>>> print(open('target.cif').read())   # mmCIF, N, CA and C atoms
data_input
#
loop_
_atom_site.label_atom_id
_atom_site.label_comp_id
_atom_site.auth_asym_id
_atom_site.auth_seq_id
_atom_site.Cartn_x
_atom_site.Cartn_y
_atom_site.Cartn_z
N MET R 1 110.77 185.75 313.01
CA MET R 1 111.89 186.65 312.80
C MET R 1 112.87 186.62 313.98
N ASP R 2 112.44 186.07 315.10
CA ASP R 2 113.31 186.04 316.26
C ASP R 2 114.62 185.31 315.99
N LYS R 3 114.58 184.30 315.12
CA LYS R 3 115.80 183.53 314.86
C LYS R 3 116.84 184.36 314.10
N TYR R 4 116.44 185.48 313.51
CA TYR R 4 117.37 186.32 312.76
C TYR R 4 117.97 187.44 313.59
N ILE R 5 117.37 187.72 314.72
CA ILE R 5 117.73 188.92 315.47
C ILE R 5 119.20 188.94 315.87
N SER R 6 119.74 187.86 316.40
CA SER R 6 121.14 187.89 316.83
C SER R 6 122.09 188.09 315.65
N LYS R 7 121.78 187.48 314.52
CA LYS R 7 122.63 187.65 313.32
C LYS R 7 122.59 189.10 312.84
N ILE R 8 121.39 189.68 312.83
CA ILE R 8 121.23 191.06 312.39
C ILE R 8 121.90 192.01 313.38
N GLN R 9 121.71 191.77 314.68
CA GLN R 9 122.33 192.64 315.69
C GLN R 9 123.85 192.65 315.57
N LYS R 10 124.45 191.48 315.35
CA LYS R 10 125.90 191.40 315.20
C LYS R 10 126.36 192.19 313.97
N TRP R 11 125.64 192.02 312.87
CA TRP R 11 126.01 192.72 311.65
C TRP R 11 125.89 194.24 311.84
N ILE R 12 124.81 194.69 312.45
CA ILE R 12 124.61 196.11 312.71
C ILE R 12 125.75 196.65 313.58
N LYS R 13 126.07 195.93 314.65
CA LYS R 13 127.14 196.36 315.55
C LYS R 13 128.46 196.51 314.81
N ASP R 14 128.78 195.55 313.94
CA ASP R 14 130.03 195.61 313.18
C ASP R 14 130.05 196.80 312.22
N VAL R 15 128.94 197.03 311.54
CA VAL R 15 128.88 198.15 310.59
C VAL R 15 129.03 199.48 311.33
N ILE R 16 128.37 199.63 312.46
CA ILE R 16 128.47 200.87 313.22
C ILE R 16 129.89 201.06 313.75
N LYS R 17 130.47 200.01 314.30
CA LYS R 17 131.84 200.11 314.85
C LYS R 17 132.84 200.52 313.77
N GLN R 18 132.73 199.92 312.60
CA GLN R 18 133.69 200.17 311.52
C GLN R 18 133.27 201.32 310.59
N LYS R 19 132.06 201.85 310.82
CA LYS R 19 131.48 202.89 309.95
C LYS R 19 131.53 202.45 308.49
N SER R 20 131.27 201.19 308.27
CA SER R 20 131.41 200.64 306.92
C SER R 20 130.26 201.00 305.99
N TRP R 21 129.26 201.76 306.49
CA TRP R 21 128.23 202.27 305.58
C TRP R 21 128.88 203.18 304.54
N LYS R 22 130.04 203.77 304.89
CA LYS R 22 130.75 204.64 303.96
C LYS R 22 131.17 203.88 302.70
N ASN R 23 131.32 202.59 302.81
CA ASN R 23 131.69 201.73 301.69
C ASN R 23 130.49 200.95 301.16
N TYR R 24 129.29 201.47 301.43
CA TYR R 24 128.04 200.85 300.97
C TYR R 24 127.87 199.43 301.49
N SER R 25 128.30 199.21 302.71
CA SER R 25 128.14 197.90 303.33
C SER R 25 126.66 197.53 303.38
N HIS R 26 126.35 196.30 303.02
CA HIS R 26 124.97 195.83 303.01
C HIS R 26 124.94 194.34 303.31
N ILE R 27 123.76 193.86 303.63
CA ILE R 27 123.59 192.44 303.89
C ILE R 27 122.45 191.94 302.99
N HIS R 28 122.71 190.82 302.35
CA HIS R 28 121.70 190.23 301.46
C HIS R 28 120.72 189.40 302.28
N ILE R 29 119.50 189.36 301.82
CA ILE R 29 118.45 188.60 302.50
C ILE R 29 118.86 187.14 302.65
N ASP R 30 119.55 186.58 301.66
CA ASP R 30 119.95 185.17 301.77
C ASP R 30 121.10 184.95 302.76
N ASP R 31 121.74 186.02 303.22
CA ASP R 31 122.72 185.90 304.32
C ASP R 31 122.00 185.80 305.66
N ILE R 32 120.76 186.25 305.70
CA ILE R 32 119.96 186.19 306.91
C ILE R 32 119.12 184.92 306.93
N GLU R 33 118.54 184.60 305.80
CA GLU R 33 117.71 183.40 305.66
C GLU R 33 118.16 182.64 304.42
N SER R 34 118.76 181.47 304.62
CA SER R 34 119.27 180.71 303.47
C SER R 34 118.17 179.95 302.72
N ASN R 35 117.06 179.69 303.38
CA ASN R 35 115.96 178.96 302.76
C ASN R 35 114.91 179.97 302.27
N LEU R 36 115.20 180.58 301.13
CA LEU R 36 114.33 181.64 300.61
C LEU R 36 113.06 181.08 299.99
N PRO R 37 111.95 181.78 300.16
CA PRO R 37 110.71 181.37 299.50
C PRO R 37 110.88 181.43 297.98
N THR R 38 110.20 180.55 297.28
CA THR R 38 110.28 180.55 295.82
C THR R 38 109.15 181.34 295.18
N ARG R 39 108.12 181.64 295.94
CA ARG R 39 107.03 182.47 295.42
C ARG R 39 107.34 183.94 295.68
N PRO R 40 107.26 184.78 294.65
CA PRO R 40 107.61 186.19 294.81
C PRO R 40 106.84 186.90 295.93
N ASP R 41 105.56 186.60 296.13
CA ASP R 41 104.80 187.28 297.18
C ASP R 41 105.32 186.91 298.56
N GLU R 42 105.71 185.66 298.77
CA GLU R 42 106.29 185.24 300.05
C GLU R 42 107.69 185.83 300.23
N TYR R 43 108.44 185.89 299.16
CA TYR R 43 109.78 186.48 299.20
C TYR R 43 109.68 187.96 299.59
N TYR R 44 108.73 188.67 298.99
CA TYR R 44 108.51 190.08 299.30
C TYR R 44 108.16 190.26 300.77
N LYS R 45 107.28 189.40 301.30
CA LYS R 45 106.91 189.49 302.72
C LYS R 45 108.12 189.27 303.62
N LEU R 46 108.98 188.31 303.28
CA LEU R 46 110.20 188.07 304.05
C LEU R 46 111.08 189.32 304.03
N CYS R 47 111.25 189.92 302.87
CA CYS R 47 112.06 191.13 302.76
C CYS R 47 111.52 192.25 303.64
N ILE R 48 110.21 192.45 303.60
CA ILE R 48 109.58 193.51 304.42
C ILE R 48 109.75 193.19 305.90
N ASN R 49 109.59 191.93 306.29
CA ASN R 49 109.76 191.55 307.70
C ASN R 49 111.19 191.81 308.17
N VAL R 50 112.17 191.51 307.35
CA VAL R 50 113.57 191.78 307.70
C VAL R 50 113.79 193.29 307.81
N PHE R 51 113.22 194.05 306.90
CA PHE R 51 113.29 195.52 306.93
C PHE R 51 112.75 196.06 308.26
N ILE R 52 111.63 195.53 308.70
CA ILE R 52 111.01 195.97 309.95
C ILE R 52 111.88 195.61 311.14
N VAL R 53 112.48 194.42 311.13
CA VAL R 53 113.39 194.03 312.22
C VAL R 53 114.57 195.00 312.29
N PHE R 54 115.13 195.37 311.15
CA PHE R 54 116.23 196.33 311.14
C PHE R 54 115.81 197.64 311.77
N GLN R 55 114.63 198.11 311.41
CA GLN R 55 114.15 199.38 311.97
C GLN R 55 113.98 199.29 313.48
N GLN R 56 113.53 198.15 313.96
CA GLN R 56 113.33 197.98 315.39
C GLN R 56 114.65 197.91 316.15
N LEU R 57 115.69 197.38 315.51
CA LEU R 57 116.97 197.20 316.18
C LEU R 57 117.88 198.42 316.09
N LEU R 58 117.70 199.22 315.07
CA LEU R 58 118.57 200.39 314.88
C LEU R 58 118.10 201.57 315.70
N ASP R 59 119.06 202.39 316.13
CA ASP R 59 118.73 203.64 316.78
C ASP R 59 117.97 204.53 315.79
N LYS R 60 117.21 205.45 316.31
CA LYS R 60 116.42 206.35 315.48
C LYS R 60 117.29 207.27 314.63
N GLU R 61 118.58 207.34 314.92
CA GLU R 61 119.47 208.21 314.14
C GLU R 61 119.88 207.59 312.81
N PHE R 62 119.44 206.35 312.55
CA PHE R 62 119.80 205.67 311.31
C PHE R 62 118.59 205.51 310.42
N GLN R 63 118.85 205.54 309.12
CA GLN R 63 117.81 205.28 308.12
C GLN R 63 118.12 203.94 307.47
N THR R 64 117.07 203.13 307.30
CA THR R 64 117.19 201.81 306.70
C THR R 64 116.73 201.86 305.25
N LEU R 65 117.40 201.11 304.41
CA LEU R 65 117.05 201.04 303.00
C LEU R 65 117.01 199.57 302.57
N LEU R 66 115.89 199.15 302.03
CA LEU R 66 115.72 197.82 301.45
C LEU R 66 115.66 197.97 299.95
N VAL R 67 116.54 197.25 299.24
CA VAL R 67 116.56 197.30 297.78
C VAL R 67 116.16 195.94 297.24
N ILE R 68 115.08 195.91 296.47
CA ILE R 68 114.57 194.67 295.89
C ILE R 68 114.74 194.74 294.37
N PRO R 69 115.60 193.88 293.81
CA PRO R 69 115.77 193.87 292.35
C PRO R 69 114.52 193.33 291.65
N LEU R 70 114.25 193.91 290.50
CA LEU R 70 113.15 193.44 289.67
C LEU R 70 113.75 192.74 288.45
N ILE R 71 112.94 191.98 287.76
CA ILE R 71 113.41 191.20 286.62
C ILE R 71 113.90 192.13 285.52
N ALA R 72 115.09 191.84 284.98
CA ALA R 72 115.62 192.59 283.85
C ALA R 72 114.76 192.28 282.62
N SER R 73 114.54 193.30 281.82
CA SER R 73 113.61 193.15 280.71
C SER R 73 114.03 194.04 279.54
N GLU R 74 113.62 193.63 278.34
CA GLU R 74 113.87 194.45 277.16
C GLU R 74 112.91 195.63 277.10
N ASN R 75 111.82 195.55 277.86
CA ASN R 75 110.84 196.63 277.91
C ASN R 75 110.79 197.20 279.32
N PRO R 76 110.51 198.49 279.43
CA PRO R 76 110.41 199.08 280.77
C PRO R 76 109.26 198.46 281.57
N ILE R 77 109.45 198.37 282.86
CA ILE R 77 108.39 197.86 283.74
C ILE R 77 107.35 198.96 283.94
N PRO R 78 106.07 198.67 283.71
CA PRO R 78 105.04 199.69 283.93
C PRO R 78 104.87 199.95 285.43
N ILE R 79 104.93 201.21 285.80
CA ILE R 79 104.88 201.51 287.23
C ILE R 79 103.48 201.85 287.74
N SER R 80 102.53 202.03 286.85
CA SER R 80 101.17 202.28 287.35
C SER R 80 100.66 200.98 287.97
N ASN R 81 100.12 201.09 289.15
CA ASN R 81 99.64 199.93 289.91
C ASN R 81 100.73 198.90 290.19
N LEU R 82 101.96 199.35 290.33
CA LEU R 82 103.08 198.43 290.53
C LEU R 82 102.92 197.59 291.79
N GLN R 83 102.35 198.16 292.84
CA GLN R 83 102.18 197.38 294.06
C GLN R 83 101.29 196.16 293.81
N LYS R 84 100.30 196.29 292.96
CA LYS R 84 99.40 195.17 292.67
C LYS R 84 100.05 194.13 291.76
N THR R 85 100.97 194.55 290.90
CA THR R 85 101.59 193.62 289.95
C THR R 85 103.02 193.26 290.33
N LEU R 86 103.46 193.71 291.50
CA LEU R 86 104.86 193.54 291.90
C LEU R 86 105.32 192.08 291.86
N GLY R 87 104.45 191.16 292.25
CA GLY R 87 104.81 189.75 292.29
C GLY R 87 105.36 189.22 290.98
N LYS R 88 104.87 189.71 289.87
CA LYS R 88 105.36 189.20 288.59
C LYS R 88 106.68 189.84 288.18
N TRP R 89 107.11 190.88 288.88
CA TRP R 89 108.35 191.58 288.52
C TRP R 89 109.51 191.30 289.45
N ILE R 90 109.25 190.80 290.66
CA ILE R 90 110.34 190.57 291.62
C ILE R 90 111.28 189.48 291.10
N ASP R 91 112.56 189.79 291.16
CA ASP R 91 113.59 188.84 290.73
C ASP R 91 114.14 188.12 291.96
N ILE R 92 113.63 186.92 292.25
CA ILE R 92 114.07 186.21 293.44
C ILE R 92 115.44 185.57 293.26
N GLU R 93 115.98 185.61 292.05
CA GLU R 93 117.33 185.08 291.79
C GLU R 93 118.40 186.11 292.15
N ASP R 94 118.07 187.38 292.10
CA ASP R 94 118.99 188.47 292.42
C ASP R 94 118.58 189.00 293.79
N THR R 95 119.26 188.57 294.82
CA THR R 95 118.80 188.75 296.19
C THR R 95 118.69 190.21 296.63
N ALA R 96 117.61 190.51 297.30
CA ALA R 96 117.40 191.83 297.90
C ALA R 96 118.43 192.06 299.00
N CYS R 97 118.67 193.32 299.32
CA CYS R 97 119.64 193.63 300.37
C CYS R 97 119.20 194.83 301.19
N ILE R 98 119.81 194.93 302.36
CA ILE R 98 119.51 196.00 303.32
C ILE R 98 120.78 196.82 303.54
N TYR R 99 120.60 198.14 303.53
CA TYR R 99 121.65 199.10 303.88
C TYR R 99 121.12 199.92 305.05
N PHE R 100 122.02 200.56 305.77
CA PHE R 100 121.58 201.60 306.69
C PHE R 100 122.68 202.66 306.80
N TYR R 101 122.24 203.89 307.08
CA TYR R 101 123.13 205.04 307.14
C TYR R 101 122.66 205.98 308.24
N PRO R 102 123.60 206.76 308.80
CA PRO R 102 123.15 207.82 309.72
C PRO R 102 122.23 208.78 308.96
N LYS R 103 121.14 209.17 309.57
CA LYS R 103 120.18 210.04 308.90
C LYS R 103 120.80 211.36 308.46
N THR R 104 121.80 211.82 309.17
CA THR R 104 122.41 213.11 308.84
C THR R 104 123.15 213.09 307.52
N ILE R 105 123.56 211.92 307.05
CA ILE R 105 124.30 211.84 305.79
C ILE R 105 123.66 210.88 304.78
N ALA R 106 122.50 210.35 305.10
CA ALA R 106 121.87 209.33 304.25
C ALA R 106 121.65 209.82 302.82
N TYR R 107 121.34 211.09 302.66
CA TYR R 107 121.07 211.61 301.32
C TYR R 107 122.26 211.45 300.38
N LYS R 108 123.48 211.37 300.93
CA LYS R 108 124.67 211.22 300.09
C LYS R 108 124.79 209.83 299.51
N PHE R 109 124.18 208.85 300.15
CA PHE R 109 124.35 207.46 299.76
C PHE R 109 123.16 206.88 299.01
N MET R 110 122.02 207.51 299.10
CA MET R 110 120.81 206.90 298.58
C MET R 110 120.38 207.55 297.27
N GLY R 111 120.00 206.70 296.34
CA GLY R 111 119.46 207.17 295.08
C GLY R 111 120.49 207.30 293.98
N ILE R 112 120.18 206.66 292.88
CA ILE R 112 121.03 206.76 291.70
C ILE R 112 120.11 206.92 290.49
N GLY R 113 120.53 207.72 289.54
CA GLY R 113 119.76 207.81 288.30
C GLY R 113 118.45 208.54 288.47
N ASP R 114 117.52 208.16 287.65
CA ASP R 114 116.21 208.81 287.62
C ASP R 114 115.24 208.06 288.51
N ASP R 115 115.21 208.43 289.78
CA ASP R 115 114.31 207.79 290.73
C ASP R 115 112.91 208.35 290.58
N ILE R 116 111.92 207.47 290.76
CA ILE R 116 110.52 207.89 290.73
C ILE R 116 109.91 207.51 292.07
N ILE R 117 109.42 208.50 292.80
CA ILE R 117 108.76 208.23 294.08
C ILE R 117 107.38 207.66 293.79
N LEU R 118 107.09 206.50 294.38
CA LEU R 118 105.80 205.85 294.18
C LEU R 118 104.88 206.25 295.33
N THR R 119 104.11 207.29 295.10
CA THR R 119 103.26 207.84 296.17
C THR R 119 102.10 206.92 296.53
N ASP R 120 101.69 206.04 295.62
CA ASP R 120 100.56 205.16 295.91
C ASP R 120 101.01 203.77 296.38
N PHE R 121 102.26 203.63 296.70
CA PHE R 121 102.84 202.34 297.13
C PHE R 121 102.94 202.36 298.65
N ASN R 122 102.20 201.50 299.33
CA ASN R 122 102.17 201.50 300.79
C ASN R 122 102.96 200.34 301.35
N VAL R 123 103.90 200.64 302.23
CA VAL R 123 104.69 199.61 302.90
C VAL R 123 104.71 199.96 304.38
N GLU R 124 104.45 198.96 305.20
CA GLU R 124 104.46 199.17 306.64
C GLU R 124 105.80 199.74 307.09
N GLN R 125 105.74 200.76 307.93
CA GLN R 125 106.91 201.40 308.53
C GLN R 125 107.87 201.98 307.51
N SER R 126 107.35 202.47 306.40
CA SER R 126 108.19 203.09 305.38
C SER R 126 107.73 204.50 305.12
N ASN R 127 108.69 205.39 304.92
CA ASN R 127 108.37 206.77 304.58
C ASN R 127 108.33 207.00 303.08
N LYS R 128 109.09 206.18 302.32
CA LYS R 128 109.22 206.45 300.91
C LYS R 128 109.53 205.16 300.16
N VAL R 129 108.90 205.00 299.01
CA VAL R 129 109.19 203.88 298.12
C VAL R 129 109.58 204.48 296.77
N ILE R 130 110.71 204.04 296.26
CA ILE R 130 111.24 204.61 295.02
C ILE R 130 111.46 203.51 293.99
N PHE R 131 111.08 203.80 292.77
CA PHE R 131 111.34 202.92 291.63
C PHE R 131 112.53 203.51 290.88
N ASN R 132 113.49 202.67 290.56
CA ASN R 132 114.66 203.11 289.81
C ASN R 132 114.86 202.16 288.64
N SER R 133 115.15 202.71 287.50
CA SER R 133 115.37 201.88 286.32
C SER R 133 116.42 202.54 285.44
N TYR R 134 117.26 201.72 284.83
CA TYR R 134 118.22 202.26 283.86
C TYR R 134 118.37 201.27 282.72
N LEU R 135 118.72 201.80 281.57
CA LEU R 135 118.86 201.01 280.35
C LEU R 135 120.34 200.80 280.07
N GLU R 136 120.71 199.52 279.89
CA GLU R 136 122.10 199.20 279.57
C GLU R 136 122.11 198.07 278.55
N ASP R 137 122.74 198.32 277.41
CA ASP R 137 122.83 197.32 276.33
C ASP R 137 121.48 196.75 275.94
N GLY R 138 120.47 197.61 275.88
CA GLY R 138 119.14 197.19 275.44
C GLY R 138 118.30 196.49 276.49
N ILE R 139 118.78 196.44 277.74
CA ILE R 139 118.04 195.78 278.82
C ILE R 139 117.77 196.81 279.92
N TYR R 140 116.53 196.80 280.42
CA TYR R 140 116.16 197.65 281.55
C TYR R 140 116.41 196.89 282.84
N TYR R 141 117.17 197.51 283.75
CA TYR R 141 117.42 196.97 285.08
C TYR R 141 116.70 197.88 286.07
N SER R 142 115.89 197.27 286.93
CA SER R 142 115.04 198.08 287.81
C SER R 142 115.08 197.55 289.24
N THR R 143 114.81 198.46 290.17
CA THR R 143 114.71 198.10 291.59
C THR R 143 113.57 198.87 292.22
N ILE R 144 113.13 198.33 293.34
CA ILE R 144 112.24 199.04 294.26
C ILE R 144 113.09 199.29 295.50
N SER R 145 113.17 200.53 295.94
CA SER R 145 113.91 200.87 297.15
C SER R 145 112.93 201.38 298.19
N ILE R 146 112.99 200.78 299.37
CA ILE R 146 112.06 201.13 300.44
C ILE R 146 112.86 201.73 301.59
N TYR R 147 112.52 202.96 301.94
CA TYR R 147 113.25 203.72 302.97
C TYR R 147 112.45 203.79 304.25
N SER R 148 113.16 203.76 305.37
CA SER R 148 112.48 203.95 306.66
C SER R 148 112.19 205.42 306.87
#
>>> encode(input="target.cif", output="structure tokens")
Amino acid sequence: MDKYISKIQKWIKDVIKQKSWKNYSHIHIDDIESNLPTRPDEYYKLCINVFIVFQQLLDKEFQTLLVIPLIASENPIPISNLQKTLGKWIDIEDTACIYFYPKTIAYKFMGIGDDIILTDFNVEQSNKVIFNSYLEDGIYYSTISIYS
């Protein structure tokens, strides 16, 4: 992860200077690492590692959010035991992204629709994991959001 630190630090500095979190500024995982793993479990590990680097680089006054898109489907994704079956649902074609916000206003920017807190989902250095899904034109679009 050391090879990503300078790129991430520059991006963080620019977002803080311009306060561009107000415009939902985010960085995609493929902007940090262009050679993405093709296996969902390896892709997930890369996403979590980038999330941890962000947490280490940001001041404690900021909250980090990692959003991982899941495969669009005609049927809802079953959320029981989702951590165990996550590999089959991760959409590696729709790149995950990282946001961050000042903790004092983070609640204004985070969460859309009917979020479900996944209490049995464990992620290193995370306080909350949320599943979000919405139905549009007969297709369910879902994400996993991991908060610092």
>>> resolve_selection(input="target.cif", expression="the PyMOL selection byres (((chain R and resi 83 and name CA) around 10) and name CA)", output="mmCIF file with N, CA and C atoms, in the frame of the given file")
data_model
loop_
_atom_site.group_PDB
_atom_site.id
_atom_site.type_symbol
_atom_site.label_atom_id
_atom_site.label_comp_id
_atom_site.auth_asym_id
_atom_site.auth_seq_id
_atom_site.Cartn_x
_atom_site.Cartn_y
_atom_site.Cartn_z
ATOM 1 N N ILE R 79 104.930 201.210 285.800
ATOM 2 C CA ILE R 79 104.880 201.510 287.230
ATOM 3 C C ILE R 79 103.480 201.850 287.740
ATOM 4 N N SER R 80 102.530 202.030 286.850
ATOM 5 C CA SER R 80 101.170 202.280 287.350
ATOM 6 C C SER R 80 100.660 200.980 287.970
ATOM 7 N N ASN R 81 100.120 201.090 289.150
ATOM 8 C CA ASN R 81 99.640 199.930 289.910
ATOM 9 C C ASN R 81 100.730 198.900 290.190
ATOM 10 N N LEU R 82 101.960 199.350 290.330
ATOM 11 C CA LEU R 82 103.080 198.430 290.530
ATOM 12 C C LEU R 82 102.920 197.590 291.790
ATOM 13 N N LYS R 84 100.300 196.290 292.960
ATOM 14 C CA LYS R 84 99.400 195.170 292.670
ATOM 15 C C LYS R 84 100.050 194.130 291.760
ATOM 16 N N THR R 85 100.970 194.550 290.900
ATOM 17 C CA THR R 85 101.590 193.620 289.950
ATOM 18 C C THR R 85 103.020 193.260 290.330
ATOM 19 N N LEU R 86 103.460 193.710 291.500
ATOM 20 C CA LEU R 86 104.860 193.540 291.900
ATOM 21 C C LEU R 86 105.320 192.080 291.860
ATOM 22 N N GLY R 87 104.450 191.160 292.250
ATOM 23 C CA GLY R 87 104.810 189.750 292.290
ATOM 24 C C GLY R 87 105.360 189.220 290.980
ATOM 25 N N LEU R 118 107.090 206.500 294.380
ATOM 26 C CA LEU R 118 105.800 205.850 294.180
ATOM 27 C C LEU R 118 104.880 206.250 295.330
ATOM 28 N N ASP R 120 101.690 206.040 295.620
ATOM 29 C CA ASP R 120 100.560 205.160 295.910
ATOM 30 C C ASP R 120 101.010 203.770 296.380
ATOM 31 N N PHE R 121 102.260 203.630 296.700
ATOM 32 C CA PHE R 121 102.840 202.340 297.130
ATOM 33 C C PHE R 121 102.940 202.360 298.650
ATOM 34 N N ASN R 122 102.200 201.500 299.330
ATOM 35 C CA ASN R 122 102.170 201.500 300.790
ATOM 36 C C ASN R 122 102.960 200.340 301.350
ATOM 37 N N VAL R 123 103.900 200.640 302.230
ATOM 38 C CA VAL R 123 104.690 199.610 302.900
ATOM 39 C C VAL R 123 104.710 199.960 304.380
#
>>> select_by_dssp(input="target.cif", residues="chain R", states="alpha helix (DSSP H)", output="count of residues only")
47
>>> resolve_selection(input="target.cif", expression="the PyMOL selection byres ((chain R and resi 72) around 6)", output="ChimeraX atom specification")
/R:70-71,73-74,140-142
>>> closest_residue(input="target.cif", among="R:Phe100, R:Phe131, R:Trp21, R:Trp11", to="Ile68 of chain R", atoms="only C-alpha atoms")
R:Phe131
>>> closest_residue(input="target.cif", among="R:Ser148, R:Lys88, R:Ile8, R:Asn132", to="Leu57 of chain R", atoms="all atoms listed in the file")
R:Ile8
>>> atom_distance(input="target.cif", atom1="atom CA of Lys7 of chain R", atom2="atom CA of Trp89 of chain R")
28.9 Å
>>> closest_residue(input="target.cif", among="R:Ile130, R:Ile117, R:Ile29, R:Leu135", to="Cys47 of chain R", atoms="all atoms listed in the file")
R:Ile29
>>> atom_distance(input="target.cif", atom1="atom CA of Thr143 of chain R", atom2="atom CA of Pro69 of chain R")
4.4 Å
>>> resolve_selection(input="target.cif", expression="the PyMOL selection byres (((chain R and resi 67 and name CA) around 8) and name CA)", output="list in words")
Leu65, Leu66, Ile68, Pro69, Ala96, Cys97, Ile98, Thr143, Ile144, Ser145 and Ile146 of chain R
>>> write_last_selection(input="target.cif", atoms="N, CA and C atoms", output="mmCIF file, in the frame of the given file")
data_model
loop_
_atom_site.group_PDB
_atom_site.id
_atom_site.type_symbol
_atom_site.label_atom_id
_atom_site.label_comp_id
_atom_site.auth_asym_id
_atom_site.auth_seq_id
_atom_site.Cartn_x
_atom_site.Cartn_y
_atom_site.Cartn_z
ATOM 1 N N LEU R 65 117.400 201.110 304.410
ATOM 2 C CA LEU R 65 117.050 201.040 303.000
ATOM 3 C C LEU R 65 117.010 199.570 302.570
ATOM 4 N N LEU R 66 115.890 199.150 302.030
ATOM 5 C CA LEU R 66 115.720 197.820 301.450
ATOM 6 C C LEU R 66 115.660 197.970 299.950
ATOM 7 N N ILE R 68 115.080 195.910 296.470
ATOM 8 C CA ILE R 68 114.570 194.670 295.890
ATOM 9 C C ILE R 68 114.740 194.740 294.370
ATOM 10 N N PRO R 69 115.600 193.880 293.810
ATOM 11 C CA PRO R 69 115.770 193.870 292.350
ATOM 12 C C PRO R 69 114.520 193.330 291.650
ATOM 13 N N ALA R 96 117.610 190.510 297.300
ATOM 14 C CA ALA R 96 117.400 191.830 297.900
ATOM 15 C C ALA R 96 118.430 192.060 299.000
ATOM 16 N N CYS R 97 118.670 193.320 299.320
ATOM 17 C CA CYS R 97 119.640 193.630 300.370
ATOM 18 C C CYS R 97 119.200 194.830 301.190
ATOM 19 N N ILE R 98 119.810 194.930 302.360
ATOM 20 C CA ILE R 98 119.510 196.000 303.320
ATOM 21 C C ILE R 98 120.780 196.820 303.540
ATOM 22 N N THR R 143 114.810 198.460 290.170
ATOM 23 C CA THR R 143 114.710 198.100 291.590
ATOM 24 C C THR R 143 113.570 198.870 292.220
ATOM 25 N N ILE R 144 113.130 198.330 293.340
ATOM 26 C CA ILE R 144 112.240 199.040 294.260
ATOM 27 C C ILE R 144 113.090 199.290 295.500
ATOM 28 N N SER R 145 113.170 200.530 295.940
ATOM 29 C CA SER R 145 113.910 200.870 297.150
ATOM 30 C C SER R 145 112.930 201.380 298.190
ATOM 31 N N ILE R 146 112.990 200.780 299.370
ATOM 32 C CA ILE R 146 112.060 201.130 300.440
ATOM 33 C C ILE R 146 112.860 201.730 301.590
#
>>> select_by_dssp(input="target.cif", residues="chain R", states="strand (DSSP E)", output="PyMOL selection string")
chain R and resi 27-28+62-69+97-102+115-117+128-136+139-147
